[in-house]
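Input: a single structure, listed below in structure tokens.
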Amino acid sequence: MYHLINETVSSIRRKIGDFKPEFGIILGTGLGKLVNEIEITHQLMYANIPNFPISTVEFHSGKLIFGKLNGRNVVAMQGRLHYYEGYDMQEITFPVRIMKALGIEKLFVSNASGSLNPTIQKGHIGIVDDHINLLPDNPLRGSNDADYGPRFPDMSAPYDKVMLRQGLDIADRLNIIAHKVVYVATPGPNLETKAEYRYMRIIGGDIVGMSTVPEVIVANHMGLPVFAISVITDEGYHADLKPVSLAEIVAVANEAEPKLTAILKELIALQ
């Protein structure tokens, strides 16, 4: 991994010059338009970055974007990678290691999710306080390089408590309905059955999605503080559960996108 990371970082630095990002942002479903708020200095297609996996999801762009957001230097992934696309966990989390090697000090992650909690409804925002990992693999499996992090990283507080509080305060001030949530990660790509939704609620979940946790594990392994935010796109707690389409999920995410953008812009300005 050391050689892959060095090769990739060297290639990126040749293209971005002396630009040093302070923060990394993973733009999941619902935050893709945040790039419109960034004063872009460089854009690199994943396909043109050595060793970089390529997102295969049709509504994810697949670009690494460098620029300023509220006066702060950021690098944003416009298009994330998922386990259901066929990537292994090391590939999914490779971009996080690259962003850390480029100099980021904090990581901001976004996603779309389904609600397990009747008080959390479509269009609401979830700010993640903890997670439950139901994915079948772990990005830290295999030999450990102590230069990147410890063999057994602590996960007692995987999401930064200060940024969590700041995010909730910002949402309250902007009159945005936001909940402190526990995120359940599943492999996908199918949505859950009624029994699976009930099970995940019983074990302590508030929302469920197909991403985020691998990146958060690797960020914690490398000592990167994390803030994760979710737009709730569907509701899995109904007794008479109705089918939901991808088009409906994306439509709700797009409608709620300005809320996530507003929270994240203000939060980054506070760091």
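By convention here, the chains of the structure tokens are called A, B, ... in the order presented, each chain's residues are numbered starting at 1, and ligands are numbered starting at 1 in the order presented.
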Give me every helix (DSSP H, G or I) residue in region 51-236 of chain A, going by DSSP on the backbone, as a ChimeraX atom specification.
/A:83-85,89-102,161-173,194-202,213-221
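With only C-alpha atoms taken into account, the protein and nucleic acid residues at most 10 Å from Glu235 (chain A) (excluding it and anything under 3 positions from it in its own chain) are Ser113, Gly114, Ser115, Leu116, Asn117, Pro118, Ile120, Gln121, Lys122, Tyr197, Ile207, Val208, Ile232, His238, Leu241, Lys242 and Val244 of chain A.
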Do you know which residues are at most 9 Å from region 50-52 of chain A counting only C-alpha atoms, after dropping those on the same chain fewer than 5 positions away, and could you put them as a compact mmCIF listing (two decimals) with C-alpha atoms, in the first residue's frame?
# COMPACT_ATOMS: atom_id res chain seq x y z
CA LEU A 4 0.56 2.67 -4.27
CA ILE A 5 -0.15 5.67 -2.04
CA GLU A 7 2.67 6.82 -6.61
CA THR A 8 -0.85 8.24 -6.49
CA VAL A 9 0.02 11.21 -4.28
CA SER A 11 0.90 12.06 -9.56
CA ILE A 12 -1.75 14.28 -7.96
CA GLU A 91 -10.15 -0.05 -2.73
CA PHE A 94 -8.00 4.09 -0.71
CA PRO A 95 -9.16 7.68 -1.50
Set the distance at 6 Å and use only C-alpha atoms: which residues neighbour region 72-82 of chain A once local chain neighbours fewer than 4 positions away are removed? I'd like the list as a VMD selection string.
chain A and resid 21 to 27 55 60 to 68 92
Produce a file of the selected residues containing C-alpha atoms, as a short mmCIF file (atom, residue, chain, number, x, y, z; two decimals), in the first residue's frame.
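Result saved to out-v6.cif:
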data_model
loop_
_atom_site.label_atom_id
_atom_site.label_comp_id
_atom_site.auth_asym_id
_atom_site.auth_seq_id
_atom_site.Cartn_x
_atom_site.Cartn_y
_atom_site.Cartn_z
CA PRO A 21 -6.15 20.77 1.29
CA GLU A 22 -7.16 21.26 4.91
CA PHE A 23 -10.33 19.21 4.71
CA GLY A 24 -11.54 16.21 2.73
CA ILE A 25 -15.18 15.88 1.67
CA ILE A 26 -16.89 12.74 0.36
CA LEU A 27 -19.91 13.84 -1.64
CA SER A 55 -17.19 4.95 -9.37
CA HIS A 60 -21.90 9.77 -9.23
CA SER A 61 -19.48 11.85 -11.31
CA GLY A 62 -16.09 10.38 -10.45
CA LYS A 63 -13.98 13.52 -9.96
CA LEU A 64 -11.48 14.68 -7.37
CA ILE A 65 -12.02 18.42 -6.95
CA PHE A 66 -9.61 20.87 -5.33
CA GLY A 67 -10.46 24.45 -4.35
CA LYS A 68 -11.72 26.81 -1.67
CA ILE A 92 -13.20 1.71 -1.27
#
Among A:Ile229, A:Pro53, A:Thr261, A:Pro187, Leu135 (chain A) is approached most closely, using only C-alpha atoms, by A:Pro187
Every residue of region 22-266 of chain A that DSSP places in strand (DSSP E), as a VMD selection string
chain A and resid 23 to 27 39 to 45 63 to 69 72 to 78 106 to 115 125 to 133 178 to 185 207 to 209 226 to 235
Residues from the last selection, C-alpha atoms, saved as a short mmCIF file (atom, residue, chain, number, x, y, z; two decimals), in the first residue's frame:
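Printed below is again-v4.cif as written:
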data_model
loop_
_atom_site.label_atom_id
_atom_site.label_comp_id
_atom_site.auth_asym_id
_atom_site.auth_seq_id
_atom_site.Cartn_x
_atom_site.Cartn_y
_atom_site.Cartn_z
CA PHE A 23 -10.33 19.21 4.71
CA GLY A 24 -11.54 16.21 2.73
CA ILE A 25 -15.18 15.88 1.67
CA ILE A 26 -16.89 12.74 0.36
CA LEU A 27 -19.91 13.84 -1.64
CA GLU A 39 -13.93 27.93 -6.00
CA ILE A 40 -12.34 25.18 -8.08
CA THR A 41 -8.63 25.30 -8.83
CA HIS A 42 -8.17 21.74 -10.14
CA GLN A 43 -10.41 18.85 -11.24
CA LEU A 44 -9.04 15.34 -11.78
CA MET A 45 -11.09 12.50 -13.21
CA LYS A 63 -13.98 13.52 -9.96
CA LEU A 64 -11.48 14.68 -7.37
CA ILE A 65 -12.02 18.42 -6.95
CA PHE A 66 -9.61 20.87 -5.33
CA GLY A 67 -10.46 24.45 -4.35
CA LYS A 68 -11.72 26.81 -1.67
CA LEU A 69 -14.98 26.53 0.28
CA ARG A 72 -10.77 27.01 3.34
CA ASN A 73 -8.78 24.66 1.12
CA VAL A 74 -10.72 21.46 0.42
CA VAL A 75 -10.49 18.33 -1.68
CA ALA A 76 -13.85 16.79 -2.56
CA MET A 77 -14.70 13.37 -3.92
CA GLN A 78 -17.58 13.91 -6.33
CA LYS A 106 -10.55 16.50 9.04
CA LEU A 107 -12.95 14.39 6.96
CA PHE A 108 -16.56 15.26 6.11
CA VAL A 109 -18.77 12.46 4.77
CA SER A 110 -22.29 12.58 3.34
CA ASN A 111 -24.77 9.89 2.31
CA ALA A 112 -28.40 9.07 1.64
CA SER A 113 -30.20 6.70 4.00
CA GLY A 114 -33.51 5.11 4.92
CA SER A 115 -35.18 5.77 8.26
CA ILE A 125 -31.25 15.36 8.08
CA GLY A 126 -29.31 12.90 10.21
CA ILE A 127 -25.99 13.77 11.83
CA VAL A 128 -24.19 10.58 12.75
CA ASP A 129 -23.14 9.97 16.34
CA ASP A 130 -22.34 6.25 16.07
CA HIS A 131 -22.72 3.30 13.72
CA ILE A 132 -23.41 -0.43 13.52
CA ASN A 133 -21.34 -2.27 10.91
CA ALA A 178 -31.72 17.39 12.06
CA HIS A 179 -31.41 14.35 14.32
CA LYS A 180 -28.46 12.78 16.13
CA VAL A 181 -28.47 9.24 14.73
CA VAL A 182 -26.96 5.78 14.76
CA TYR A 183 -26.17 4.68 11.19
CA VAL A 184 -26.41 1.02 10.17
CA ALA A 185 -24.22 -0.01 7.22
CA ILE A 207 -31.03 5.06 9.76
CA VAL A 208 -29.60 2.55 7.26
CA GLY A 209 -27.36 2.96 4.22
CA VAL A 226 -14.87 12.69 11.12
CA PHE A 227 -18.20 14.46 10.62
CA ALA A 228 -20.91 12.46 8.82
CA ILE A 229 -24.25 13.78 7.62
CA SER A 230 -27.15 12.01 5.93
CA VAL A 231 -30.27 12.98 4.03
CA ILE A 232 -33.20 10.69 4.81
CA THR A 233 -34.68 9.60 1.48
CA ASP A 234 -37.16 6.86 2.44
CA GLU A 235 -38.92 5.32 5.44
#
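Near Phe152 (chain A), within 10 Å and counting only C-alpha atoms, sit Leu140, Asn144, Gly149, Met155 and His221 of chain A, not including residues fewer than 3 positions from it in the same chain.
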Output file for the residues above (N, CA and C atoms, as a compact mmCIF listing (two decimals), in the first residue's frame):
# COMPACT_ATOMS: atom_id res chain seq x y z
N LEU A 140 -9.49 -2.85 7.40
CA LEU A 140 -8.23 -3.02 8.11
C LEU A 140 -7.79 -4.48 8.18
N ASN A 144 -0.95 -4.93 9.03
CA ASN A 144 -1.09 -3.52 9.43
C ASN A 144 0.24 -2.80 9.30
N GLY A 149 -1.41 3.66 11.17
CA GLY A 149 -2.28 3.59 12.33
C GLY A 149 -2.05 2.31 13.11
N MET A 155 -12.60 2.54 18.65
CA MET A 155 -13.77 3.08 17.95
C MET A 155 -14.85 3.51 18.94
N HIS A 221 -8.54 5.00 11.97
CA HIS A 221 -7.26 4.30 11.99
C HIS A 221 -6.11 5.28 11.81
Among the residues A:Val216, A:Leu246, A:Ile98, A:Ile170, the one that comes closest to Asn138 (chain A) [using only C-alpha atoms]:
A:Val216
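Reported to one decimal place, the separation of CA of Arg141 (chain A) from CA of Tyr46 (chain A) is 24.8 Å.
Computed from the coordinates, the CA of Pro153 (chain A) to CA of Asn220 (chain A) distance equals 7.1 Å.
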Computed interatomic separation between CA of Asp147 (chain A) and CA of Leu224 (chain A) (Å)
14.0 Å
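Of the residues under consideration (A:Phe19, A:Pro139, A:Met200, A:Leu260), A:Pro139 shows the shortest atom-to-atom contact distance to Tyr83 (chain A) when counting only C-alpha atoms.
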